[in-house]
Amino acid sequence: MSKSGYPQAVDELIDLFKTLPSVGKRSAERMALAMLKWQPEKMNALGELISSLPIRVTPCPECGNFAEDGLKCTICASPLRDTSTVCVVEDPAQIRTIEASALYKGVYHVLGGKLSPLSGKGVDDINMSSLVSKIAEGRVMEIILALSPDVEGQATAVYVGNIAQQQGVKVTRLAQGLPAGADISYADSATIAVALNGRTDF
Ligand SMILES: [Zn+2]
């Protein structure tokens, strides 16, 4: 038994749960205790599912969105999408939100993070080089910046915007329907629709 009174393995499980978003110490503890009541088969199934994730869920080679088994994501694989319009987002979560509005017909590019000079996160630490190559190839007509309005998001937007503009690509950003500081991932469809329709030049 550890200092917490739980066996070491339970403490380790609680510590893992605590690393998830929105999970505090108490919630992590409740989740771990609930899981201990599971049948062993269910625990095994969860363990196997988690360990299979790196193989089964792979980044789309075109855009970095979630995809399966090394294939393109469903958006890049669709012949109905306009590949000349690229919406730049930080995470796949934002794609889900924008797709829910059912208004956007272009494709995406997932950076997988933001530039952060203060914490030493540069262009090589995010999925930037493939976006730069895409722009350089001359097939992109418009870049829509859907990055968060914080300092790092704006630094990233300026970086992408400059590169695109140097190549003569139109650069826009989502209109200000989104509240300041709001994460696009949690915006509702109506808000996204307003933001997309009213997008402004960068
Ligand atoms: Zn894709």
# chains A, B, ... in the order shown; residues from 1 in each chain; ligands from 1

call {"tool": "residues_near_ligand", "arguments": {"ligand": "ligand 1", "cutoff": "8 Å", "atoms": "only C-alpha atoms and all ligand atoms", "output": "ChimeraX atom specification"}}
result
/A:59-67,72-77,107-109

call {"tool": "write_last_selection", "arguments": {"atoms": "all heavy atoms", "output": "CSV table (one decimal), in the first residue's frame"}}
result
chain,number,residue,atom,x,y,z
A,59,PRO,N,-2.0,9.4,-38.7
A,59,PRO,CA,-2.3,10.7,-39.3
A,59,PRO,C,-2.5,10.6,-40.8
A,59,PRO,O,-1.8,9.8,-41.4
A,59,PRO,CB,-1.1,11.5,-38.9
A,59,PRO,CG,0.0,10.6,-38.6
A,59,PRO,CD,-0.6,9.3,-38.2
A,60,CYS,N,-3.5,11.3,-41.3
A,60,CYS,CA,-3.7,11.3,-42.8
A,60,CYS,C,-2.4,11.9,-43.4
A,60,CYS,O,-1.9,12.9,-43.0
A,60,CYS,CB,-4.9,12.3,-43.1
A,60,CYS,SG,-5.1,12.6,-44.8
A,61,PRO,N,-1.9,11.2,-44.4
A,61,PRO,CA,-0.7,11.6,-45.1
A,61,PRO,C,-0.8,13.0,-45.8
A,61,PRO,O,0.1,13.7,-46.0
A,61,PRO,CB,-0.3,10.5,-46.1
A,61,PRO,CG,-1.6,9.7,-46.2
A,61,PRO,CD,-2.4,9.9,-45.0
A,62,GLU,N,-2.1,13.3,-46.1
A,62,GLU,CA,-2.3,14.6,-46.8
A,62,GLU,C,-2.4,15.8,-45.9
A,62,GLU,O,-1.9,16.8,-46.1
A,62,GLU,CB,-3.6,14.5,-47.6
A,62,GLU,CG,-3.6,13.6,-48.8
A,62,GLU,CD,-2.8,14.2,-50.0
A,62,GLU,OE1,-2.7,15.4,-50.1
A,62,GLU,OE2,-2.2,13.4,-50.7
A,63,CYS,N,-3.2,15.6,-44.8
A,63,CYS,CA,-3.6,16.7,-44.0
A,63,CYS,C,-3.3,16.6,-42.5
A,63,CYS,O,-3.4,17.6,-41.8
A,63,CYS,CB,-5.1,17.1,-44.1
A,63,CYS,SG,-6.2,15.9,-43.3
A,64,GLY,N,-3.0,15.4,-42.0
A,64,GLY,CA,-2.7,15.2,-40.6
A,64,GLY,C,-3.9,15.0,-39.7
A,64,GLY,O,-3.7,14.8,-38.5
A,65,ASN,N,-5.1,14.9,-40.3
A,65,ASN,CA,-6.3,14.6,-39.6
A,65,ASN,C,-6.2,13.1,-39.1
A,65,ASN,O,-5.4,12.4,-39.7
A,65,ASN,CB,-7.5,14.8,-40.5
A,65,ASN,CG,-8.8,14.6,-39.9
A,65,ASN,OD1,-8.9,14.6,-38.6
A,65,ASN,ND2,-9.9,14.5,-40.7
A,66,PHE,N,-7.1,12.7,-38.2
A,66,PHE,CA,-7.1,11.3,-37.8
A,66,PHE,C,-7.5,10.5,-39.0
A,66,PHE,O,-8.4,10.9,-39.8
A,66,PHE,CB,-8.2,11.1,-36.7
A,66,PHE,CG,-7.8,11.7,-35.4
A,66,PHE,CD1,-8.8,12.3,-34.6
A,66,PHE,CD2,-6.5,11.6,-34.9
A,66,PHE,CE1,-8.5,12.8,-33.4
A,66,PHE,CE2,-6.2,12.1,-33.7
A,66,PHE,CZ,-7.2,12.7,-32.9
A,67,ALA,N,-6.8,9.4,-39.2
A,67,ALA,CA,-7.2,8.5,-40.3
A,67,ALA,C,-6.9,7.1,-39.8
A,67,ALA,O,-6.5,6.9,-38.7
A,67,ALA,CB,-6.4,8.8,-41.6
A,72,LYS,N,-5.6,7.8,-46.4
A,72,LYS,CA,-6.1,9.2,-46.3
A,72,LYS,C,-7.3,9.3,-45.4
A,72,LYS,O,-8.1,8.3,-45.3
A,72,LYS,CB,-6.5,9.7,-47.7
A,72,LYS,CG,-5.3,10.0,-48.6
A,72,LYS,CD,-5.9,10.6,-49.9
A,72,LYS,CE,-4.8,10.7,-50.9
A,72,LYS,NZ,-5.4,11.2,-52.2
A,73,CYS,N,-7.6,10.4,-44.8
A,73,CYS,CA,-8.8,10.6,-44.0
A,73,CYS,C,-10.0,10.7,-45.0
A,73,CYS,O,-9.8,10.8,-46.2
A,73,CYS,CB,-8.7,11.9,-43.1
A,73,CYS,SG,-8.8,13.4,-44.1
A,74,THR,N,-11.2,10.6,-44.4
A,74,THR,CA,-12.4,10.5,-45.2
A,74,THR,C,-12.5,11.9,-46.0
A,74,THR,O,-13.1,11.9,-47.1
A,74,THR,CB,-13.6,10.3,-44.4
A,74,THR,OG1,-13.6,11.2,-43.3
A,74,THR,CG2,-13.7,8.9,-43.8
A,75,ILE,N,-12.1,13.0,-45.5
A,75,ILE,CA,-12.2,14.3,-46.2
A,75,ILE,C,-11.3,14.3,-47.4
A,75,ILE,O,-11.7,14.6,-48.5
A,75,ILE,CB,-12.0,15.4,-45.2
A,75,ILE,CG1,-13.0,15.4,-44.1
A,75,ILE,CG2,-11.9,16.8,-45.9
A,75,ILE,CD1,-12.7,16.3,-42.9
A,76,CYS,N,-10.0,14.0,-47.2
A,76,CYS,CA,-9.1,14.0,-48.3
A,76,CYS,C,-9.4,13.0,-49.3
A,76,CYS,O,-9.1,13.1,-50.5
A,76,CYS,CB,-7.6,13.8,-47.8
A,76,CYS,SG,-7.0,15.2,-46.8
A,77,ALA,N,-10.0,11.9,-48.9
A,77,ALA,CA,-10.3,10.8,-49.9
A,77,ALA,C,-11.6,11.1,-50.7
A,77,ALA,O,-11.9,10.5,-51.7
A,77,ALA,CB,-10.6,9.5,-49.1
A,107,VAL,N,-10.6,21.5,-47.9
A,107,VAL,CA,-9.9,20.5,-47.1
A,107,VAL,C,-9.2,21.2,-46.0
A,107,VAL,O,-9.4,22.4,-45.8
A,107,VAL,CB,-8.9,19.7,-48.0
A,107,VAL,CG1,-9.6,18.9,-49.1
A,107,VAL,CG2,-7.9,20.6,-48.7
A,108,TYR,N,-8.5,20.4,-45.2
A,108,TYR,CA,-7.9,20.9,-44.0
A,108,TYR,C,-6.4,20.7,-44.0
A,108,TYR,O,-5.9,19.9,-44.7
A,108,TYR,CB,-8.5,20.3,-42.7
A,108,TYR,CG,-10.0,20.6,-42.5
A,108,TYR,CD1,-10.9,19.7,-43.1
A,108,TYR,CD2,-10.4,21.7,-41.8
A,108,TYR,CE1,-12.3,20.0,-42.9
A,108,TYR,CE2,-11.7,21.9,-41.6
A,108,TYR,CZ,-12.7,21.1,-42.2
A,108,TYR,OH,-14.0,21.3,-42.0
A,109,HIS,N,-5.8,21.4,-43.0
A,109,HIS,CA,-4.4,21.0,-42.7
A,109,HIS,C,-4.2,21.1,-41.2
A,109,HIS,O,-4.5,22.2,-40.6
A,109,HIS,CB,-3.4,21.9,-43.4
A,109,HIS,CG,-2.0,21.5,-43.1
A,109,HIS,ND1,-1.3,20.7,-44.0
A,109,HIS,CD2,-1.1,21.8,-42.1
A,109,HIS,CE1,-0.1,20.4,-43.4
A,109,HIS,NE2,0.0,21.1,-42.3

call {"tool": "residues_around", "arguments": {"residues": "region 141-155 of chain A", "least_positions_apart": "5", "cutoff": "10 Å", "atoms": "only C-alpha atoms", "output": "JSON, numbers by chain"}}
result
{"A": [83, 84, 85, 86, 87, 88, 89, 90, 91, 94, 95, 98, 106, 107, 108, 109, 111, 113, 114, 115, 116, 117, 118, 121, 135, 160, 161, 164, 165, 167, 168, 169, 170, 171, 172, 173, 174, 175, 176, 178, 179, 180, 181, 182, 183, 184, 185, 195, 196, 199, 200, 201, 202]}

call {"tool": "select_by_dssp", "arguments": {"residues": "region 91-139 of chain A", "states": "alpha helix (DSSP H)", "output": "list in words"}}
result
Pro92, Ala93, Gln94, Ile95, Arg96, Thr97, Ile98, Glu99, Ala100, Ser129, Ser130, Leu131, Val132, Ser133, Lys134, Ile135 and Ala136 of chain A

call {"tool": "write_last_selection", "arguments": {"atoms": "all heavy atoms", "output": "CSV table (one decimal), in the first residue's frame"}}
result
chain,number,residue,atom,x,y,z
A,92,PRO,N,-7.4,17.9,-34.8
A,92,PRO,CA,-8.5,17.3,-35.5
A,92,PRO,C,-9.9,17.7,-34.8
A,92,PRO,O,-10.9,17.6,-35.4
A,92,PRO,CB,-8.3,15.8,-35.3
A,92,PRO,CG,-6.8,15.7,-35.3
A,92,PRO,CD,-6.3,16.9,-34.5
A,93,ALA,N,-9.8,18.0,-33.5
A,93,ALA,CA,-11.1,18.4,-32.8
A,93,ALA,C,-11.8,19.6,-33.5
A,93,ALA,O,-13.0,19.6,-33.6
A,93,ALA,CB,-10.8,18.8,-31.4
A,94,GLN,N,-11.0,20.5,-34.0
A,94,GLN,CA,-11.6,21.7,-34.7
A,94,GLN,C,-12.2,21.3,-36.1
A,94,GLN,O,-13.2,21.9,-36.5
A,94,GLN,CB,-10.5,22.7,-34.9
A,94,GLN,CG,-10.1,23.5,-33.6
A,94,GLN,CD,-8.7,23.3,-33.2
A,94,GLN,OE1,-7.8,23.2,-34.1
A,94,GLN,NE2,-8.5,23.2,-31.9
A,95,ILE,N,-11.6,20.2,-36.7
A,95,ILE,CA,-12.2,19.8,-37.9
A,95,ILE,C,-13.6,19.2,-37.7
A,95,ILE,O,-14.6,19.6,-38.4
A,95,ILE,CB,-11.4,18.6,-38.6
A,95,ILE,CG1,-10.0,19.2,-39.0
A,95,ILE,CG2,-12.1,18.0,-39.8
A,95,ILE,CD1,-9.1,18.2,-39.7
A,96,ARG,N,-13.8,18.5,-36.6
A,96,ARG,CA,-15.1,17.9,-36.3
A,96,ARG,C,-16.1,19.0,-36.1
A,96,ARG,O,-17.2,19.0,-36.6
A,96,ARG,CB,-15.0,17.1,-35.0
A,96,ARG,CG,-14.3,15.8,-35.2
A,96,ARG,CD,-14.6,14.9,-34.0
A,96,ARG,NE,-16.0,14.6,-33.9
A,96,ARG,CZ,-16.6,14.3,-32.8
A,96,ARG,NH1,-15.9,14.3,-31.7
A,96,ARG,NH2,-17.9,14.1,-32.7
A,97,THR,N,-15.7,20.1,-35.4
A,97,THR,CA,-16.6,21.2,-35.2
A,97,THR,C,-17.0,21.9,-36.5
A,97,THR,O,-18.2,22.2,-36.8
A,97,THR,CB,-16.0,22.3,-34.3
A,97,THR,OG1,-15.5,21.6,-33.1
A,97,THR,CG2,-17.0,23.3,-33.8
A,98,ILE,N,-16.0,22.2,-37.4
A,98,ILE,CA,-16.3,22.9,-38.6
A,98,ILE,C,-17.1,22.0,-39.5
A,98,ILE,O,-18.1,22.4,-40.2
A,98,ILE,CB,-15.0,23.3,-39.3
A,98,ILE,CG1,-14.3,24.4,-38.4
A,98,ILE,CG2,-15.3,23.9,-40.7
A,98,ILE,CD1,-12.9,24.8,-38.9
A,99,GLU,N,-16.8,20.7,-39.6
A,99,GLU,CA,-17.6,19.7,-40.4
A,99,GLU,C,-19.1,19.7,-39.9
A,99,GLU,O,-20.0,19.5,-40.7
A,99,GLU,CB,-17.0,18.3,-40.3
A,99,GLU,CG,-15.7,18.2,-41.1
A,99,GLU,CD,-15.9,18.5,-42.6
A,99,GLU,OE1,-16.6,17.6,-43.2
A,99,GLU,OE2,-15.4,19.5,-43.1
A,100,ALA,N,-19.3,19.8,-38.6
A,100,ALA,CA,-20.7,19.8,-38.1
A,100,ALA,C,-21.5,20.9,-38.7
A,100,ALA,O,-22.8,20.7,-38.8
A,100,ALA,CB,-20.6,19.8,-36.6
A,129,SER,N,6.0,21.9,-42.3
A,129,SER,CA,6.7,21.8,-43.6
A,129,SER,C,5.8,21.3,-44.7
A,129,SER,O,6.0,21.7,-45.9
A,129,SER,CB,8.0,20.9,-43.4
A,129,SER,OG,7.6,19.6,-43.1
A,130,SER,N,4.9,20.3,-44.4
A,130,SER,CA,4.1,19.8,-45.5
A,130,SER,C,3.1,20.9,-46.0
A,130,SER,O,2.7,20.9,-47.1
A,130,SER,CB,3.4,18.5,-45.1
A,130,SER,OG,2.5,18.7,-44.1
A,131,LEU,N,2.7,21.8,-45.1
A,131,LEU,CA,1.8,22.9,-45.5
A,131,LEU,C,2.5,23.8,-46.4
A,131,LEU,O,2.0,24.3,-47.4
A,131,LEU,CB,1.3,23.6,-44.2
A,131,LEU,CG,0.4,24.8,-44.5
A,131,LEU,CD1,-0.9,24.5,-45.3
A,131,LEU,CD2,0.0,25.6,-43.2
A,132,VAL,N,3.8,24.1,-46.0
A,132,VAL,CA,4.6,25.0,-46.8
A,132,VAL,C,4.8,24.4,-48.2
A,132,VAL,O,4.7,25.1,-49.2
A,132,VAL,CB,6.0,25.3,-46.1
A,132,VAL,CG1,6.9,26.1,-47.0
A,132,VAL,CG2,5.7,26.0,-44.8
A,133,SER,N,5.1,23.1,-48.3
A,133,SER,CA,5.2,22.4,-49.6
A,133,SER,C,3.9,22.5,-50.4
A,133,SER,O,4.0,22.8,-51.6
A,133,SER,CB,5.6,21.0,-49.5
A,133,SER,OG,6.4,20.7,-48.4
A,134,LYS,N,2.8,22.3,-49.7
A,134,LYS,CA,1.5,22.3,-50.4
A,134,LYS,C,1.3,23.7,-51.1
A,134,LYS,O,0.9,23.8,-52.2
A,134,LYS,CB,0.4,22.1,-49.4
A,134,LYS,CG,-0.4,20.9,-49.5
A,134,LYS,CD,-1.5,20.8,-48.5
A,134,LYS,CE,-1.3,19.6,-47.5
A,134,LYS,NZ,-2.3,19.6,-46.5
A,135,ILE,N,1.7,24.8,-50.3
A,135,ILE,CA,1.5,26.1,-50.8
A,135,ILE,C,2.5,26.4,-52.0
A,135,ILE,O,2.1,26.9,-53.0
A,135,ILE,CB,1.7,27.1,-49.7
A,135,ILE,CG1,0.6,27.0,-48.6
A,135,ILE,CG2,1.8,28.6,-50.2
A,135,ILE,CD1,0.9,27.8,-47.3
A,136,ALA,N,3.7,25.9,-51.8
A,136,ALA,CA,4.7,26.1,-52.8
A,136,ALA,C,4.4,25.4,-54.2
A,136,ALA,O,4.8,25.8,-55.2
A,136,ALA,CB,6.1,25.6,-52.3
